[in-house]
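Notes to accompany the following structure.
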There are 2 protein chains.
Amino acid sequence: MAINTAAVVPERLARSAGQQPLYSTLADILSREIHEGKYLPASTLPSEKELTERYGVSRQTVRFALRMLRDKGLISSYPGIGTIVREPMQKQGRFNAVNSTEDLLQFVGNTEMHALAIREVVVDGPLAEQIECKPGLLMSEATFLRKTPGSDLPMSYVRIYVPPRFAAAQVKPAVSNSPVYQNIEKMFNLRVSEIRQDVTATVLDEELAEVLQAPVGEAALQITRFYYDANQSLVQVTVSYYPRSRYTQSARFRVADDEA
Amino acid sequence: MAINTAAVVPERLARSAGQQPLYSTLADILSREIHEGKYLPASTLPSEKELTERYGVSRQTVRFALRMLRDKGLISSYPGIGTIVREPMQKQGRFNAVNSTEDLLQFVGNTEMHALAIREVVVDGPLAEQIECKPGLLMSEATFLRKTPGSDLPMSYVRIYVPPRFAAAQVKPAVSNSPVYQNIEKMFNLRVSEIRQDVTATVLDEELAEVLQAPVGEAALQITRFYYDANQSLVQVTVSYYPRSRYTQSARFRVADDEA
DNA sequence: AGGTATTTGTTCGTATGTATT
DNA sequence: GAATACATACGAACAAATACC
C-alpha cells in the first residue's frame, strides 16, 4: 500500500478564477502520480466514486480527467472492472512514439537544434508544391541538424520555412533547444493549435548524406510538418530528413467505439 | 436559412435497447449531413441549444456528438461564435489521411488485396525482432499486393503474420477486400481495439521492386502494424512496403488544451 | 464605450443502463 | 442474484468569449 493513503488530507480541488479547468488539474495530478509510480502498470486506479470523494469534485469532472488520460494512452477503463494503468509504451533508441501534439512538441523540445544557415528564398517549383505555398512567395529558410543531447551523429536534417513576417523568430544561436515555433508564439502572441504531418520516404543524395554523416543511398524518412494557429493560418513549415537507422516513428491508434 | 428548418418534423432520437449510444447516433446523422452538403464548410452548425430542441436530446448528448465530430476533424467550436464546419482535408492521389483507427481500417477496407502466397514460417533473426515475436515461433505468413480499385500498379506489398491459432483466417481468395483482421474478428469472436504503427524508410531491393513493378532503388515507406484485441494480446502483424511515388501518409494533430 | 444577448465551456446533481465479479 | 464499476443521459446553473446594438 502507498504510505500516504490515509495520512494525506484529501485536498479539495477548486478552480481559481480564469485558470485551468478542474478536470484538467485533476488529470495533471493523476498523471503525475502515475509517472511517480503511485499507481503501477496493470493495477487499478481508485474507482470514479472514490476519486470524487477524495478530491471533492463531481463524477463528471473525474470522468473528464480520466478521459484525458485515456486519450493520452495512460489508462484503459472497463465496466465492472475499473480503470487500469497501462504499460508505458516507450521503446528507446531510434523509436519515438508520436500519438499527440504533446508528444510531437515534446520531441521537438527534447532535442538540440544546431543551426547551419539562414537565408531568404523565393519559393518556386517543386519546393512550392511540397510546402504548399504560392510560387514566387518569399520565405525565410533556416537549416538545422537535430541531435539528441547524448549522441554525436545527427538524428535529422531540418529545413524550417516561415513567412517573412515571422522572420525575426529565425534567430541563430549555434545551439538551441527552444523550437522556432515557440519563438514565433512568444514574439507574435499566437498559439500553434494544429500540426499536419506528411510522411514519405526518400534516398539520401550526396548533399544530404554529407551533412548527416550517413552513407549515400541510405533510405530516410522525409517528414513535412505544417504548423497552424487557431485561425488556420500557416505559421511555419518544416521539412526533415531522418536516416532509416536513426529514427522510426511509432504511433498508436485506439478504436473509439463500435460501428453501427 | 435552410429550406427545411420548419418543414421537417424534429425526429426525436431515442436509444433502442442495446444499440449505439444516443450521442453516437446523433454524430452519425450530423456527419452524414455535413458530407451531403447540408452544412457547408466555413458555415456554422445549428447552436447546441437548437440541436437539443431539434432532436429532443439533452445538451450533454449534443456536446458528446459534437466532440466526436471534433475528434474526427470535421468541425471546430468557438465560444461566442458557434460550431463551424471545417474544410475537408483530403488530398487525392497518393496522399492518405490517417488520423484515427477508423481512417486506418477504412483505408484497409477501400483497397483490394490480391493474394500472392500463404506459408508457415519459423520466425527468427531480424524478422523476429521486427515483428516482436519470440524467435522460433511458428507463424502463418500471407503475402498480398494492395491495389486501389482503379489503378493497375499496386500501391504496396504486404506481408501479414498471424499466430497459428488464427491461421484459418488466412484464406486465399484471389482478390479480397475484406481484411484479414476482420476474418479473425468474425471467426474467433474478438475485436481489434488498438493498432500500433511503426514507420521507417527503406530502399526497394530487386525482389520487392519486381513484385511492385517499381524501379530497383526507389525509396519506400516500410510500415509495420501490430493489431491488438481488448486484452492487449497480439492478433496480427502486417509489414507493408509503399513505394514513395504511390503513397504518402498524412496525419493531423490538434492541441487539446493549454498547458498549465 | 457599454450593455445585452448568444454560444460554447465547465461543473454540479441525479438517475438508469450494462458489464463484471 | 447482489454488489461494484464504468457508460449513458437528463436537468440546471454559472463562466467566458464573442457579437450586436
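Identifiers in this document derive from the order of the C-alpha cells: chains are assigned A, B, ..., residues are numbered from 1 separately in each chain, and ligands are numbered from 1 in order of occurrence.
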With a cut-off of 10 Å, could you pull out the residues of chain C touching chain B and give me the nearest pair of atoms for each, distance in Å to one decimal, using only C-alpha atoms (C1' of nucleotides), ordered by chain and ascending number, as a tab-separated table?
residue	atom	partner	partner_atom	distance
C:DT6	C1'	B:Gly80	CA	6.7
C:DT7	C1'	B:Gly80	CA	4.4
C:DT8	C1'	B:Pro79	CA	4.0
C:DG9	C1'	B:Pro79	CA	7.3
C:DG17	C1'	B:Gly18	CA	9.1
C:DT18	C1'	B:Gly18	CA	8.7
Go ahead and save the residues from that selection, with N, CA, C and O atoms (P, O5', C5', C4', C3', O3' and C1' of nucleotides), as a PDB file, in the first residue's frame.
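Saved to selection-v1.pdb:
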ATOM      1  P    DT C   6     -30.988  35.938 -27.248  1.00  0.00           P
ATOM      2  O5'  DT C   6     -29.641  35.280 -27.801  1.00  0.00           O
ATOM      3  C5'  DT C   6     -29.003  35.874 -28.933  1.00  0.00           C
ATOM      4  C4'  DT C   6     -27.687  35.161 -29.224  1.00  0.00           C
ATOM      5  C3'  DT C   6     -27.747  33.632 -29.128  1.00  0.00           C
ATOM      6  O3'  DT C   6     -27.139  33.091 -30.278  1.00  0.00           O
ATOM      7  C1'  DT C   6     -25.952  34.454 -27.850  1.00  0.00           C
ATOM      8  P    DT C   7     -27.309  31.539 -30.637  1.00  0.00           P
ATOM      9  O5'  DT C   7     -25.910  30.935 -30.153  1.00  0.00           O
ATOM     10  C5'  DT C   7     -24.687  31.416 -30.717  1.00  0.00           C
ATOM     11  C4'  DT C   7     -23.507  30.740 -30.065  1.00  0.00           C
ATOM     12  C3'  DT C   7     -23.743  29.276 -29.694  1.00  0.00           C
ATOM     13  O3'  DT C   7     -22.775  28.443 -30.282  1.00  0.00           O
ATOM     14  C1'  DT C   7     -22.837  30.469 -27.865  1.00  0.00           C
ATOM     15  P    DT C   8     -22.858  26.821 -30.011  1.00  0.00           P
ATOM     16  O5'  DT C   8     -21.553  26.584 -29.119  1.00  0.00           O
ATOM     17  C5'  DT C   8     -20.288  27.016 -29.591  1.00  0.00           C
ATOM     18  C4'  DT C   8     -19.304  27.129 -28.443  1.00  0.00           C
ATOM     19  C3'  DT C   8     -18.940  25.802 -27.763  1.00  0.00           C
ATOM     20  O3'  DT C   8     -17.536  25.728 -27.597  1.00  0.00           O
ATOM     21  C1'  DT C   8     -19.654  27.342 -26.159  1.00  0.00           C
ATOM     22  P    DG C   9     -16.856  24.457 -26.826  1.00  0.00           P
ATOM     23  O5'  DG C   9     -16.722  24.976 -25.329  1.00  0.00           O
ATOM     24  C5'  DG C   9     -15.693  25.910 -25.000  1.00  0.00           C
ATOM     25  C4'  DG C   9     -15.484  25.959 -23.491  1.00  0.00           C
ATOM     26  C3'  DG C   9     -15.277  24.588 -22.837  1.00  0.00           C
ATOM     27  O3'  DG C   9     -14.219  24.679 -21.889  1.00  0.00           O
ATOM     28  C1'  DG C   9     -17.107  25.696 -21.816  1.00  0.00           C
ATOM     29  P    DG C  17     -33.121   1.547 -16.756  1.00  0.00           P
ATOM     30  O5'  DG C  17     -31.805   1.200 -17.599  1.00  0.00           O
ATOM     31  C5'  DG C  17     -31.469   2.020 -18.734  1.00  0.00           C
ATOM     32  C4'  DG C  17     -30.118   1.592 -19.296  1.00  0.00           C
ATOM     33  C3'  DG C  17     -29.928   0.083 -19.415  1.00  0.00           C
ATOM     34  O3'  DG C  17     -29.337  -0.213 -20.667  1.00  0.00           O
ATOM     35  C1'  DG C  17     -28.171   1.013 -18.124  1.00  0.00           C
ATOM     36  P    DT C  18     -29.230  -1.744 -21.152  1.00  0.00           P
ATOM     37  O5'  DT C  18     -27.716  -2.127 -20.847  1.00  0.00           O
ATOM     38  C5'  DT C  18     -26.675  -1.310 -21.377  1.00  0.00           C
ATOM     39  C4'  DT C  18     -25.327  -1.816 -20.902  1.00  0.00           C
ATOM     40  C3'  DT C  18     -25.158  -3.336 -20.932  1.00  0.00           C
ATOM     41  O3'  DT C  18     -23.880  -3.635 -21.441  1.00  0.00           O
ATOM     42  C1'  DT C  18     -24.629  -2.518 -18.801  1.00  0.00           C
TER      43       DT C  18
END
(message) Give me, as JSON, numbers by chain, the residues of region 145-211 of chain A that a backbone DSSP run labels alpha helix (DSSP H).
(response) {"A": [180, 181, 182, 183, 184, 185, 186, 187, 188, 206, 207, 208, 209, 210, 211]}
Generate a file of the selected residues that holds C-alpha atoms, formatted as a short mmCIF file (atom, residue, chain, number, x, y, z; two decimals), in the first residue's frame.
data_model
loop_
_atom_site.label_atom_id
_atom_site.label_comp_id
_atom_site.auth_asym_id
_atom_site.auth_seq_id
_atom_site.Cartn_x
_atom_site.Cartn_y
_atom_site.Cartn_z
CA VAL A 180 11.38 28.09 -33.68
CA TYR A 181 7.63 27.79 -33.38
CA GLN A 182 7.90 28.74 -29.71
CA ASN A 183 9.83 31.85 -30.62
CA ILE A 184 7.06 32.76 -33.02
CA GLU A 185 4.41 32.09 -30.39
CA LYS A 186 6.08 34.40 -27.91
CA MET A 187 7.12 37.13 -30.28
CA PHE A 188 3.84 37.34 -32.12
CA GLU A 206 25.29 13.26 -51.69
CA GLU A 207 24.43 16.60 -50.19
CA LEU A 208 22.12 15.18 -47.51
CA ALA A 209 24.43 12.27 -46.81
CA GLU A 210 27.31 14.60 -46.16
CA VAL A 211 25.60 16.87 -43.65
#
Put chain A on top of chain B with a least-squares fit on all C-alpha atoms, paired in order, and send it back as an mmCIF file with C-alpha atoms, in the first residue's frame.
data_model
loop_
_atom_site.group_PDB
_atom_site.id
_atom_site.type_symbol
_atom_site.label_atom_id
_atom_site.label_comp_id
_atom_site.auth_asym_id
_atom_site.auth_seq_id
_atom_site.Cartn_x
_atom_site.Cartn_y
_atom_site.Cartn_z
ATOM 1 C CA MET A 1 -31.535 27.960 -46.620
ATOM 2 C CA ALA A 2 -32.085 24.264 -46.518
ATOM 3 C CA ILE A 3 -35.403 23.106 -47.853
ATOM 4 C CA ASN A 4 -36.300 21.040 -44.862
ATOM 5 C CA THR A 5 -35.659 23.375 -41.993
ATOM 6 C CA ALA A 6 -39.199 23.901 -40.875
ATOM 7 C CA ALA A 7 -40.940 21.109 -42.742
ATOM 8 C CA VAL A 8 -39.254 18.241 -40.969
ATOM 9 C CA VAL A 9 -40.648 17.290 -37.626
ATOM 10 C CA PRO A 10 -37.785 17.216 -35.142
ATOM 11 C CA GLU A 11 -37.388 13.515 -34.655
ATOM 12 C CA ARG A 12 -36.915 13.037 -30.970
ATOM 13 C CA LEU A 13 -34.019 10.699 -30.497
ATOM 14 C CA ALA A 14 -34.203 7.852 -28.059
ATOM 15 C CA ARG A 15 -32.003 4.916 -27.353
ATOM 16 C CA SER A 16 -33.611 1.567 -27.934
ATOM 17 C CA ALA A 17 -32.254 -0.897 -25.446
ATOM 18 C CA GLY A 18 -28.783 -2.207 -25.869
ATOM 19 C CA GLN A 19 -28.028 -0.043 -28.878
ATOM 20 C CA GLN A 20 -25.609 2.718 -29.576
ATOM 21 C CA PRO A 21 -25.412 5.595 -27.129
ATOM 22 C CA LEU A 22 -27.611 8.535 -27.999
ATOM 23 C CA TYR A 23 -24.691 10.873 -28.588
ATOM 24 C CA SER A 24 -23.216 8.399 -30.998
ATOM 25 C CA THR A 25 -26.435 8.237 -32.967
ATOM 26 C CA LEU A 26 -26.587 12.013 -33.070
ATOM 27 C CA ALA A 27 -22.968 12.182 -34.186
ATOM 28 C CA ASP A 28 -23.773 9.831 -37.043
ATOM 29 C CA ILE A 29 -26.713 11.977 -38.087
ATOM 30 C CA LEU A 30 -24.744 15.212 -38.034
ATOM 31 C CA SER A 31 -21.794 13.577 -39.731
ATOM 32 C CA ARG A 32 -24.021 12.323 -42.525
ATOM 33 C CA GLU A 33 -25.648 15.723 -42.923
ATOM 34 C CA ILE A 34 -22.259 17.378 -43.163
ATOM 35 C CA HIS A 35 -21.113 14.941 -45.800
ATOM 36 C CA GLU A 36 -24.371 15.411 -47.681
ATOM 37 C CA GLY A 37 -23.739 19.134 -47.810
ATOM 38 C CA LYS A 38 -26.565 20.231 -45.530
ATOM 39 C CA TYR A 39 -23.954 22.133 -43.550
ATOM 40 C CA LEU A 40 -21.276 23.607 -45.775
ATOM 41 C CA PRO A 41 -17.613 24.087 -44.829
ATOM 42 C CA ALA A 42 -16.880 27.361 -43.048
ATOM 43 C CA SER A 43 -20.554 27.732 -42.101
ATOM 44 C CA THR A 44 -21.796 27.206 -38.588
ATOM 45 C CA LEU A 45 -23.755 24.282 -37.261
ATOM 46 C CA PRO A 46 -26.907 25.039 -35.267
ATOM 47 C CA SER A 47 -25.992 26.075 -31.749
ATOM 48 C CA GLU A 48 -25.941 23.482 -28.992
ATOM 49 C CA LYS A 49 -29.127 24.885 -27.552
ATOM 50 C CA GLU A 50 -30.834 24.599 -30.917
ATOM 51 C CA LEU A 51 -29.674 21.017 -31.327
ATOM 52 C CA THR A 52 -30.956 20.038 -27.903
ATOM 53 C CA GLU A 53 -34.395 21.360 -28.842
ATOM 54 C CA ARG A 54 -34.381 19.950 -32.359
ATOM 55 C CA TYR A 55 -33.529 16.425 -31.272
ATOM 56 C CA GLY A 56 -35.031 16.413 -27.815
ATOM 57 C CA VAL A 57 -31.843 15.470 -26.029
ATOM 58 C CA SER A 58 -29.852 17.057 -23.278
ATOM 59 C CA ARG A 59 -27.045 19.471 -23.867
ATOM 60 C CA GLN A 60 -24.544 16.932 -22.610
ATOM 61 C CA THR A 61 -25.629 14.498 -25.300
ATOM 62 C CA VAL A 62 -25.211 17.187 -27.941
ATOM 63 C CA ARG A 63 -21.793 18.101 -26.613
ATOM 64 C CA PHE A 64 -20.640 14.478 -26.606
ATOM 65 C CA ALA A 65 -21.778 14.129 -30.205
ATOM 66 C CA LEU A 66 -19.951 17.294 -31.200
ATOM 67 C CA ARG A 67 -16.880 16.099 -29.378
ATOM 68 C CA MET A 68 -16.869 12.972 -31.528
ATOM 69 C CA LEU A 69 -17.043 15.080 -34.673
ATOM 70 C CA ARG A 70 -14.325 17.363 -33.339
ATOM 71 C CA ASP A 71 -12.091 14.374 -32.640
ATOM 72 C CA LYS A 72 -12.638 13.263 -36.204
ATOM 73 C CA GLY A 73 -11.588 16.698 -37.429
ATOM 74 C CA LEU A 74 -14.974 17.479 -38.963
ATOM 75 C CA ILE A 75 -15.740 20.594 -36.929
ATOM 76 C CA SER A 76 -14.166 23.219 -34.699
ATOM 77 C CA SER A 77 -15.898 25.048 -31.849
ATOM 78 C CA TYR A 78 -15.342 28.545 -30.536
ATOM 79 C CA PRO A 79 -16.998 30.255 -27.565
ATOM 80 C CA GLY A 80 -19.087 33.184 -28.629
ATOM 81 C CA ILE A 81 -18.935 32.125 -32.272
ATOM 82 C CA GLY A 82 -20.325 28.663 -32.637
ATOM 83 C CA THR A 83 -19.385 25.379 -34.236
ATOM 84 C CA ILE A 84 -18.057 25.635 -37.753
ATOM 85 C CA VAL A 85 -17.675 22.917 -40.343
ATOM 86 C CA ARG A 86 -14.122 22.355 -41.437
ATOM 87 C CA GLU A 87 -12.819 22.014 -44.950
ATOM 88 C CA PRO A 88 -12.483 18.324 -45.674
ATOM 89 C CA MET A 89 -8.781 17.540 -45.570
ATOM 90 C CA GLN A 90 -8.395 15.220 -48.509
ATOM 91 C CA LYS A 91 -5.686 15.220 -51.044
ATOM 92 C CA GLN A 92 -6.228 12.737 -53.793
ATOM 93 C CA GLY A 93 -3.601 10.673 -55.475
ATOM 94 C CA ARG A 94 -0.898 9.159 -53.369
ATOM 95 C CA PHE A 95 -1.799 11.154 -50.280
ATOM 96 C CA ASN A 96 -3.806 9.421 -47.645
ATOM 97 C CA ALA A 97 -5.029 10.903 -44.395
ATOM 98 C CA VAL A 98 -4.688 8.652 -41.352
ATOM 99 C CA ASN A 99 -5.938 10.364 -38.235
ATOM 100 C CA SER A 100 -7.885 7.626 -36.544
ATOM 101 C CA THR A 101 -8.450 3.933 -36.441
ATOM 102 C CA GLU A 102 -11.446 4.461 -38.653
ATOM 103 C CA ASP A 103 -9.342 6.140 -41.326
ATOM 104 C CA LEU A 104 -6.846 3.342 -41.137
ATOM 105 C CA LEU A 105 -9.350 0.539 -41.318
ATOM 106 C CA GLN A 106 -11.325 2.324 -44.008
ATOM 107 C CA PHE A 107 -8.199 2.660 -46.083
ATOM 108 C CA VAL A 108 -7.600 -1.030 -45.666
ATOM 109 C CA GLY A 109 -11.158 -1.736 -46.739
ATOM 110 C CA ASN A 110 -11.090 0.547 -49.778
ATOM 111 C CA THR A 111 -8.246 -1.254 -51.456
ATOM 112 C CA GLU A 112 -8.063 -4.586 -53.175
ATOM 113 C CA MET A 113 -5.765 -7.214 -51.812
ATOM 114 C CA HIS A 114 -4.339 -9.542 -54.444
ATOM 115 C CA ALA A 115 -3.073 -12.666 -52.786
ATOM 116 C CA LEU A 116 0.343 -13.951 -53.733
ATOM 117 C CA ALA A 117 1.143 -16.787 -51.366
ATOM 118 C CA ILE A 118 0.479 -18.330 -47.993
ATOM 119 C CA ARG A 119 2.982 -20.293 -46.001
ATOM 120 C CA GLU A 120 4.027 -21.051 -42.495
ATOM 121 C CA VAL A 121 7.244 -19.616 -41.234
ATOM 122 C CA VAL A 122 9.323 -20.069 -38.148
ATOM 123 C CA VAL A 123 9.905 -16.532 -37.020
ATOM 124 C CA ASP A 124 13.518 -15.920 -36.219
ATOM 125 C CA GLY A 125 16.339 -13.448 -36.434
ATOM 126 C CA PRO A 126 15.595 -9.941 -37.673
ATOM 127 C CA LEU A 127 12.022 -10.805 -38.596
ATOM 128 C CA ALA A 128 11.344 -11.879 -35.020
ATOM 129 C CA GLU A 129 12.642 -8.560 -33.817
ATOM 130 C CA GLN A 130 10.687 -6.609 -36.363
ATOM 131 C CA ILE A 131 7.345 -8.154 -35.599
ATOM 132 C CA GLU A 132 8.211 -8.494 -31.919
ATOM 133 C CA CYS A 133 7.644 -12.214 -31.623
ATOM 134 C CA LYS A 134 9.571 -14.707 -29.596
ATOM 135 C CA PRO A 135 12.101 -16.383 -31.936
ATOM 136 C CA GLY A 136 11.212 -19.899 -32.945
ATOM 137 C CA LEU A 137 7.503 -19.235 -32.996
ATOM 138 C CA LEU A 138 5.486 -20.588 -35.889
ATOM 139 C CA MET A 139 3.398 -17.983 -37.683
ATOM 140 C CA SER A 140 1.207 -18.054 -40.745
ATOM 141 C CA GLU A 141 2.470 -15.618 -43.360
ATOM 142 C CA ALA A 142 0.372 -14.392 -46.269
ATOM 143 C CA THR A 143 1.675 -12.018 -48.914
ATOM 144 C CA PHE A 144 -0.412 -9.605 -50.944
ATOM 145 C CA LEU A 145 -0.264 -6.744 -53.367
ATOM 146 C CA ARG A 146 -2.479 -3.855 -52.380
ATOM 147 C CA LYS A 147 -4.104 -2.099 -55.312
ATOM 148 C CA THR A 148 -6.471 0.786 -55.650
ATOM 149 C CA PRO A 149 -9.418 -0.445 -57.733
ATOM 150 C CA GLY A 150 -8.677 1.941 -60.602
ATOM 151 C CA SER A 151 -4.955 1.618 -60.871
ATOM 152 C CA ASP A 152 -2.864 -1.116 -62.440
ATOM 153 C CA LEU A 153 0.337 -0.608 -60.509
ATOM 154 C CA PRO A 154 0.220 -1.946 -56.956
ATOM 155 C CA MET A 155 0.312 0.587 -54.155
ATOM 156 C CA SER A 156 2.151 -1.675 -51.791
ATOM 157 C CA TYR A 157 3.452 -5.123 -50.997
ATOM 158 C CA VAL A 158 2.108 -6.543 -47.768
ATOM 159 C CA ARG A 159 3.120 -9.420 -45.555
ATOM 160 C CA ILE A 160 0.543 -10.447 -42.985
ATOM 161 C CA TYR A 161 1.493 -12.555 -39.993
ATOM 162 C CA VAL A 162 -1.055 -14.188 -37.749
ATOM 163 C CA PRO A 163 -0.573 -16.607 -34.880
ATOM 164 C CA PRO A 164 -1.238 -20.220 -35.838
ATOM 165 C CA ARG A 165 -4.538 -20.316 -33.979
ATOM 166 C CA PHE A 166 -5.868 -17.717 -36.438
ATOM 167 C CA ALA A 167 -4.380 -19.355 -39.513
ATOM 168 C CA ALA A 168 -7.810 -20.396 -40.728
ATOM 169 C CA ALA A 169 -8.570 -16.747 -41.432
ATOM 170 C CA GLN A 170 -5.736 -16.601 -43.931
ATOM 171 C CA VAL A 171 -7.923 -17.814 -46.759
ATOM 172 C CA LYS A 172 -6.799 -17.094 -50.251
ATOM 173 C CA PRO A 173 -9.302 -15.726 -52.693
ATOM 174 C CA ALA A 174 -7.364 -14.317 -55.629
ATOM 175 C CA VAL A 175 -8.768 -10.879 -54.968
ATOM 176 C CA SER A 176 -10.284 -9.718 -51.743
ATOM 177 C CA ASN A 177 -11.284 -6.480 -50.133
ATOM 178 C CA SER A 178 -12.336 -7.910 -46.815
ATOM 179 C CA PRO A 179 -9.259 -7.481 -44.692
ATOM 180 C CA VAL A 180 -7.754 -10.426 -42.908
ATOM 181 C CA TYR A 181 -8.332 -8.866 -39.513
ATOM 182 C CA GLN A 182 -12.064 -8.803 -40.242
ATOM 183 C CA ASN A 183 -12.009 -12.493 -41.020
ATOM 184 C CA ILE A 184 -10.340 -13.086 -37.692
ATOM 185 C CA GLU A 185 -12.868 -10.896 -35.907
ATOM 186 C CA LYS A 186 -15.775 -12.843 -37.338
ATOM 187 C CA MET A 187 -14.322 -16.307 -37.096
ATOM 188 C CA PHE A 188 -13.008 -15.937 -33.581
ATOM 189 C CA ASN A 189 -15.484 -13.429 -32.219
ATOM 190 C CA LEU A 190 -13.132 -10.704 -31.105
ATOM 191 C CA ARG A 191 -12.627 -7.052 -31.924
ATOM 192 C CA VAL A 192 -9.511 -5.183 -32.867
ATOM 193 C CA SER A 193 -9.373 -2.299 -30.427
ATOM 194 C CA GLU A 194 -5.926 -0.909 -30.955
ATOM 195 C CA ILE A 195 -3.369 -0.612 -33.698
ATOM 196 C CA ARG A 196 0.233 0.412 -33.321
ATOM 197 C CA GLN A 197 2.095 1.595 -36.360
ATOM 198 C CA ASP A 198 5.843 1.915 -36.818
ATOM 199 C CA VAL A 199 6.995 3.890 -39.828
ATOM 200 C CA THR A 200 10.470 3.789 -41.255
ATOM 201 C CA ALA A 201 12.073 4.129 -44.662
ATOM 202 C CA THR A 202 13.785 1.588 -46.827
ATOM 203 C CA VAL A 203 15.152 1.118 -50.314
ATOM 204 C CA LEU A 204 13.573 -1.365 -52.682
ATOM 205 C CA ASP A 205 15.764 -4.357 -53.320
ATOM 206 C CA GLU A 206 15.440 -6.446 -56.468
ATOM 207 C CA GLU A 207 12.852 -8.778 -55.041
ATOM 208 C CA LEU A 208 10.553 -6.012 -53.794
ATOM 209 C CA ALA A 209 11.076 -3.930 -56.909
ATOM 210 C CA GLU A 210 10.018 -6.794 -59.108
ATOM 211 C CA VAL A 211 6.744 -7.599 -57.373
ATOM 212 C CA LEU A 212 5.932 -3.893 -57.055
ATOM 213 C CA GLN A 213 6.948 -3.151 -60.655
ATOM 214 C CA ALA A 214 9.062 -0.298 -59.377
ATOM 215 C CA PRO A 215 12.670 0.643 -59.988
ATOM 216 C CA VAL A 216 15.323 -1.005 -57.854
ATOM 217 C CA GLY A 217 16.694 1.528 -55.414
ATOM 218 C CA GLU A 218 13.516 3.596 -55.130
ATOM 219 C CA ALA A 219 12.764 4.807 -51.636
ATOM 220 C CA ALA A 220 9.766 3.259 -49.914
ATOM 221 C CA LEU A 221 7.887 3.584 -46.666
ATOM 222 C CA GLN A 222 8.047 0.474 -44.544
ATOM 223 C CA ILE A 223 5.057 0.407 -42.255
ATOM 224 C CA THR A 224 4.613 -2.241 -39.587
ATOM 225 C CA ARG A 225 1.216 -2.439 -37.941
ATOM 226 C CA PHE A 226 0.390 -4.432 -34.822
ATOM 227 C CA TYR A 227 -3.272 -5.255 -34.284
ATOM 228 C CA TYR A 228 -4.418 -5.873 -30.723
ATOM 229 C CA ASP A 229 -7.750 -6.917 -29.276
ATOM 230 C CA ALA A 230 -9.339 -5.581 -26.099
ATOM 231 C CA ASN A 231 -7.163 -7.830 -23.945
ATOM 232 C CA GLN A 232 -3.975 -6.377 -25.408
ATOM 233 C CA SER A 233 -3.218 -9.679 -27.053
ATOM 234 C CA LEU A 234 -1.736 -9.656 -30.514
ATOM 235 C CA VAL A 235 -4.104 -10.487 -33.348
ATOM 236 C CA GLN A 236 -1.982 -9.876 -36.402
ATOM 237 C CA VAL A 237 1.064 -8.056 -37.683
ATOM 238 C CA THR A 238 1.401 -6.579 -41.136
ATOM 239 C CA VAL A 239 4.542 -5.327 -42.810
ATOM 240 C CA SER A 240 3.936 -3.116 -45.836
ATOM 241 C CA TYR A 241 6.212 -1.524 -48.402
ATOM 242 C CA TYR A 242 4.914 1.588 -50.147
ATOM 243 C CA PRO A 243 7.080 3.009 -52.944
ATOM 244 C CA ARG A 244 7.598 6.712 -52.420
ATOM 245 C CA SER A 245 5.875 7.641 -55.649
ATOM 246 C CA ARG A 246 2.656 5.817 -54.794
ATOM 247 C CA TYR A 247 1.811 6.662 -51.234
ATOM 248 C CA THR A 248 2.301 9.414 -48.710
ATOM 249 C CA GLN A 249 0.835 9.134 -45.255
ATOM 250 C CA SER A 250 -0.709 12.272 -43.871
ATOM 251 C CA ALA A 251 -1.768 12.820 -40.274
ATOM 252 C CA ARG A 252 -3.179 15.760 -38.413
ATOM 253 C CA PHE A 253 -2.635 16.643 -34.780
ATOM 254 C CA ARG A 254 -4.679 19.102 -32.806
ATOM 255 C CA VAL A 255 -3.765 20.667 -29.506
ATOM 256 C CA ALA A 256 -6.199 19.615 -26.811
ATOM 257 C CA ASP A 257 -5.834 22.504 -24.398
ATOM 258 C CA ASP A 258 -3.350 24.911 -22.920
ATOM 259 C CA GLU A 259 -0.498 23.620 -20.886
ATOM 260 C CA ALA A 260 -0.292 24.749 -17.304
#
(message) Could you go through region 55-222 of chain B and tell me which residues DSSP, when run on the backbone, assigns to strand (DSSP E or B), listing them as a PyMOL selection string?
(response) chain B and resi 75-78+82-85+95-97+112-122+138-147+156-162+175-176+192-203+219-222
Per residue of chain D within 9 Å of chain B, what are the shortest atom pair and its distance in Å to one decimal, counting only C-alpha atoms (C1' of nucleotides), with rows by chain and residue number, as JSON lines?
{"residue": "D:DT8", "atom": "C1'", "partner": "B:Pro21", "partner_atom": "CA", "distance": 7.0}
{"residue": "D:DA9", "atom": "C1'", "partner": "B:Thr61", "partner_atom": "CA", "distance": 7.1}
{"residue": "D:DC10", "atom": "C1'", "partner": "B:Ser58", "partner_atom": "CA", "distance": 6.2}
{"residue": "D:DG11", "atom": "C1'", "partner": "B:Ser58", "partner_atom": "CA", "distance": 8.1}
{"residue": "D:DA16", "atom": "C1'", "partner": "B:Pro79", "partner_atom": "CA", "distance": 7.7}
{"residue": "D:DA17", "atom": "C1'", "partner": "B:Gly80", "partner_atom": "CA", "distance": 5.2}
{"residue": "D:DT18", "atom": "C1'", "partner": "B:Gly80", "partner_atom": "CA", "distance": 4.0}
{"residue": "D:DA19", "atom": "C1'", "partner": "B:Gly80", "partner_atom": "CA", "distance": 7.3}
